[in-house]
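Since the structure comes first, as structure tokens, the remarks are kept for the end.
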Amino acid sequence: MTGSSRKNDDYFKSKFRGCLLGLAAGDALGAPFEGAWPTTASQVLASAAERTRFRYTDDTHMAIGVTESLIACGGFDGHHMTEVFIRNFDREPWRGYGAGPPRIFQKIKAGASWNEAAEDIYPGGSYGNGSAMRTAPVGLFYREDVGNMATAARGQSKITHTHPWGQEGAFLQALAVALAANSEPLLSPGEILARLQEQAKEGLYLQKLDQIKNLLGTDNPAEIASVLGHGIEAFNAVPTAICCALRHPHSYADAVVEAVSLGGDADTIACMTGAISGAGLGIEAIPEEWLAKLENSDYLEKLAVELWEAARL
Ligand code: F2R
Ligand code: MG
Ligand code: MG
């Protein structure tokens with residue numbers, strides 16, 4: 001390996017590690033605040049400091065499943081990924097899963113087809129944020145191929161979230177991760193927004209991406225939640241997560257702390273913010289004391305390196 005390819009290798013490994021550990025640390029940081037009222041950055045930091053262990057939730061657990069399947073199959077395979085989701089859920093059903101996925105897994109175990117079971121779980125399918133919160137590894141794996149990324153991000157969504165708003169959230173979150181991971185030097189927040197707007201199809205998301213521009217410079221974070229939303233729906237959580245990451249292009253900690261401080265679906269918004277920010281800034285940007293407390297961090301590190309190697313083939 002030449003000096004420059006070694007540098008390239010280390011550079012991207014840091015980004016893959018930053019993304020997977022960044023999403024897990026954001027999820028864990030936000031978990032005690034899920035469903036809470038907005039709070040202050042200092043309260044979020046105090047909560048982090050007083051905890052001895054950072055325990056992650058379903059967000060990270062499902063992102064692990066996506067990663068395991070991408071590595072095992074060398075790309076997206078919906079049938080295999082469904083089996084991994086069900087296996088992982090059966091091992092750790094207490095991770096705080098949304099209402100829909102366990103019902104879908106049950107239907108599949110009872111004989112329903114993996115690519116049909118989610119269609120009627122809600123009218124039009126689910127537009128919850130559950131397929132966006134786990135999609136970051138798809139963005140890493142297909143980071144140089146937007147067409148296959150869209151197919152895989154939407155495909156992994158359809159296992160549990162078939163609604164067009166659920167699928168679009170999963171695609172845009174994957175694309176935000178890819179844009180952050182790919183760039184050296186880092187793309188500016190304005191460039192990332194423009195690329196997302198080029199690829200978005202759903203009007204609801206286009207409108208919110210446009211609103212992010214006006215929120216990048218606000219000194220009142222509460223405005224983010226009131227304009228974009230901070231709820232469990234993908235069309236609320238995904239734009240807000242992207243906004244928090246873009247507002248703090250040089251600080252992973254500032255981005256995820258702000259995401260948690262907004263309240264609402266705090267673990268999931270911080271998970272998605274952490275995935276984008278970690279992919280952009282690399283593992284070195286995540287506070288060491290958070291990584292030291294993070295549950296299962298050795299396994300996440302191993303997956304990140306294996307995903308990088310699988311993506312390179
Ligand atoms: N489940 C939770 N948090 C609740 C409690 C956790 C607690 N800590 C504990 O364990 O005790 N968080 C996780 O769930 C969210 C992701 O959910 P997902 O996977 O999207 O679920 P679902 O059921 O598909 O959708 C969520 C809700 O969205 C509404 N909804 C979706 N589609 C709809 C439609 N077509 N029409 C109307 N409503 C729709 C429903 O209210 C769904 O229940 C993350 O926050 C994760 O952290
Ligand atoms: Mg969760
Ligand atoms: Mg959540």
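Residue names in the structure tokens use chain letters A, B, ... in the order shown, residue numbers from 1 in each chain, and ligand numbers from 1 in the order shown.
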Where does chain A meet ligand 1 within 6 Å, residue by residue, with the nearest atom pair and distance in Å to one decimal for each, counting only C-alpha atoms and all ligand atoms, listed by chain and rising number, as JSON lines?
```
{"residue": "A:Asp58", "atom": "CA", "partner": "ligand 1", "partner_atom_place_in_ligand_line": "47 (O)", "distance": 5.9}
{"residue": "A:Asp59", "atom": "CA", "partner": "ligand 1", "partner_atom_place_in_ligand_line": "47 (O)", "distance": 5.6}
{"residue": "A:Gly96", "atom": "CA", "partner": "ligand 1", "partner_atom_place_in_ligand_line": "10 (O)", "distance": 3.3}
{"residue": "A:Tyr97", "atom": "CA", "partner": "ligand 1", "partner_atom_place_in_ligand_line": "1 (N)", "distance": 4.5}
{"residue": "A:Gly98", "atom": "CA", "partner": "ligand 1", "partner_atom_place_in_ligand_line": "14 (O)", "distance": 3.4}
{"residue": "A:Ala99", "atom": "CA", "partner": "ligand 1", "partner_atom_place_in_ligand_line": "23 (O)", "distance": 3.9}
{"residue": "A:Gly100", "atom": "CA", "partner": "ligand 1", "partner_atom_place_in_ligand_line": "23 (O)", "distance": 3.5}
{"residue": "A:Pro101", "atom": "CA", "partner": "ligand 1", "partner_atom_place_in_ligand_line": "19 (O)", "distance": 5.7}
{"residue": "A:Tyr122", "atom": "CA", "partner": "ligand 1", "partner_atom_place_in_ligand_line": "35 (N)", "distance": 4.5}
{"residue": "A:Pro123", "atom": "CA", "partner": "ligand 1", "partner_atom_place_in_ligand_line": "35 (N)", "distance": 4.8}
{"residue": "A:Gly124", "atom": "CA", "partner": "ligand 1", "partner_atom_place_in_ligand_line": "35 (N)", "distance": 5.4}
{"residue": "A:Gly125", "atom": "CA", "partner": "ligand 1", "partner_atom_place_in_ligand_line": "35 (N)", "distance": 5.1}
{"residue": "A:Ser126", "atom": "CA", "partner": "ligand 1", "partner_atom_place_in_ligand_line": "32 (N)", "distance": 3.4}
{"residue": "A:Tyr127", "atom": "CA", "partner": "ligand 1", "partner_atom_place_in_ligand_line": "32 (N)", "distance": 4.0}
{"residue": "A:Gly128", "atom": "CA", "partner": "ligand 1", "partner_atom_place_in_ligand_line": "20 (O)", "distance": 3.3}
{"residue": "A:Asn129", "atom": "CA", "partner": "ligand 1", "partner_atom_place_in_ligand_line": "20 (O)", "distance": 4.3}
{"residue": "A:Gly130", "atom": "CA", "partner": "ligand 1", "partner_atom_place_in_ligand_line": "20 (O)", "distance": 3.4}
{"residue": "A:Ile232", "atom": "CA", "partner": "ligand 1", "partner_atom_place_in_ligand_line": "45 (O)", "distance": 5.3}
{"residue": "A:Glu233", "atom": "CA", "partner": "ligand 1", "partner_atom_place_in_ligand_line": "28 (O)", "distance": 5.4}
{"residue": "A:Asp265", "atom": "CA", "partner": "ligand 1", "partner_atom_place_in_ligand_line": "45 (O)", "distance": 5.3}
{"residue": "A:Asp267", "atom": "CA", "partner": "ligand 1", "partner_atom_place_in_ligand_line": "47 (O)", "distance": 5.9}
{"residue": "A:Thr268", "atom": "CA", "partner": "ligand 1", "partner_atom_place_in_ligand_line": "47 (O)", "distance": 5.1}
```
task: Run DSSP on the backbone and give me the residues of stretch 169-267 of chain A it puts in helix (DSSP H, G or I), as a PyMOL selection string.
output: chain A and resi 169-182+189-199+203-215+222-228+234-247+252-261+266-267
List every residue of chain A that has an atom at most 12 Å from any atom of ligand 2, and for each one report the closest atom pair and its distance in Å to one decimal, counting only C-alpha atoms and all ligand atoms, with rows sorted by chain and then by increasing residue number, as a Markdown table.
```
| residue | atom | partner | partner_atom_place_in_ligand_line | distance |
| --- | --- | --- | --- | --- |
| A:Leu23 | CA | ligand 2 | 1 (Mg) | 11.2 |
| A:Ala24 | CA | ligand 2 | 1 (Mg) | 10.2 |
| A:Ala25 | CA | ligand 2 | 1 (Mg) | 11.9 |
| A:Gly26 | CA | ligand 2 | 1 (Mg) | 10.5 |
| A:Asp27 | CA | ligand 2 | 1 (Mg) | 6.8 |
| A:Ala28 | CA | ligand 2 | 1 (Mg) | 8.6 |
| A:Leu29 | CA | ligand 2 | 1 (Mg) | 10.9 |
| A:Gly30 | CA | ligand 2 | 1 (Mg) | 8.7 |
| A:Ala31 | CA | ligand 2 | 1 (Mg) | 6.7 |
| A:Pro32 | CA | ligand 2 | 1 (Mg) | 10.0 |
| A:Phe33 | CA | ligand 2 | 1 (Mg) | 10.5 |
| A:Glu34 | CA | ligand 2 | 1 (Mg) | 7.8 |
| A:Gly35 | CA | ligand 2 | 1 (Mg) | 10.5 |
| A:Arg55 | CA | ligand 2 | 1 (Mg) | 10.5 |
| A:Tyr56 | CA | ligand 2 | 1 (Mg) | 7.5 |
| A:Thr57 | CA | ligand 2 | 1 (Mg) | 4.5 |
| A:Asp58 | CA | ligand 2 | 1 (Mg) | 4.6 |
| A:Asp59 | CA | ligand 2 | 1 (Mg) | 4.8 |
| A:Thr60 | CA | ligand 2 | 1 (Mg) | 7.6 |
| A:His61 | CA | ligand 2 | 1 (Mg) | 8.8 |
| A:Met62 | CA | ligand 2 | 1 (Mg) | 9.5 |
| A:Ala63 | CA | ligand 2 | 1 (Mg) | 11.0 |
| A:Pro93 | CA | ligand 2 | 1 (Mg) | 12.0 |
| A:Trp94 | CA | ligand 2 | 1 (Mg) | 10.6 |
| A:Arg95 | CA | ligand 2 | 1 (Mg) | 7.3 |
| A:Gly96 | CA | ligand 2 | 1 (Mg) | 5.7 |
| A:Tyr97 | CA | ligand 2 | 1 (Mg) | 6.4 |
| A:Gly98 | CA | ligand 2 | 1 (Mg) | 7.7 |
| A:Ala99 | CA | ligand 2 | 1 (Mg) | 11.4 |
| A:Gly128 | CA | ligand 2 | 1 (Mg) | 11.8 |
| A:Asn129 | CA | ligand 2 | 1 (Mg) | 9.9 |
| A:Gly130 | CA | ligand 2 | 1 (Mg) | 8.5 |
| A:Ser131 | CA | ligand 2 | 1 (Mg) | 11.6 |
| A:Ala132 | CA | ligand 2 | 1 (Mg) | 11.8 |
| A:Met133 | CA | ligand 2 | 1 (Mg) | 8.6 |
| A:Arg134 | CA | ligand 2 | 1 (Mg) | 10.2 |
| A:Ile232 | CA | ligand 2 | 1 (Mg) | 10.0 |
| A:Gly264 | CA | ligand 2 | 1 (Mg) | 11.6 |
| A:Asp265 | CA | ligand 2 | 1 (Mg) | 8.1 |
| A:Ala266 | CA | ligand 2 | 1 (Mg) | 8.5 |
| A:Asp267 | CA | ligand 2 | 1 (Mg) | 5.6 |
| A:Thr268 | CA | ligand 2 | 1 (Mg) | 5.7 |
| A:Ile269 | CA | ligand 2 | 1 (Mg) | 9.5 |
| A:Ala270 | CA | ligand 2 | 1 (Mg) | 10.1 |
| A:Cys271 | CA | ligand 2 | 1 (Mg) | 8.6 |
| A:Met272 | CA | ligand 2 | 1 (Mg) | 11.0 |
```
Selection: 6 Å around stretch 181-195 of chain A, only C-alpha atoms, excl. self and same-chain fewer than 5 positions, as number ranges by chain: A: 246, 279-280
- line: Separating atom CA of A:Phe141 from atom CA of A:Ala311, to the nearest tenth of an Å, is a gap of 5.1 Å
task: Determine the nearest neighbour of ligand 3 from the options A:Leu216, A:Met81, A:Val260, A:Leu209, counting only C-alpha atoms and all ligand atoms.
output: A:Val260
field: d(atom CA of A:Ala245, atom CA of A:Ser277) in Å
entry: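 Atom-to-atom, atom CA of A:Ala245 to atom CA of A:Ser277, that is 5.6 Å.
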Residues near A:Gly166, anyone? I mean within 6 Å using only C-alpha atoms, not counting same-chain ones fewer than 3 positions away, as a PDB file with C-alpha atoms, in the first residue's frame.
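The new file out24.pdb reads:
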```
ATOM      1  CA  TYR A 127     -43.905   7.349   8.105  1.00  0.00           C
ATOM      2  CA  HIS A 161     -41.701   1.785   6.667  1.00  0.00           C
ATOM      3  CA  HIS A 163     -44.985   5.215   3.317  1.00  0.00           C
ATOM      4  CA  GLY A 169     -36.600  10.368   5.153  1.00  0.00           C
ATOM      5  CA  ALA A 234     -39.623  11.036   9.659  1.00  0.00           C
TER       6      ALA A 234
END
```
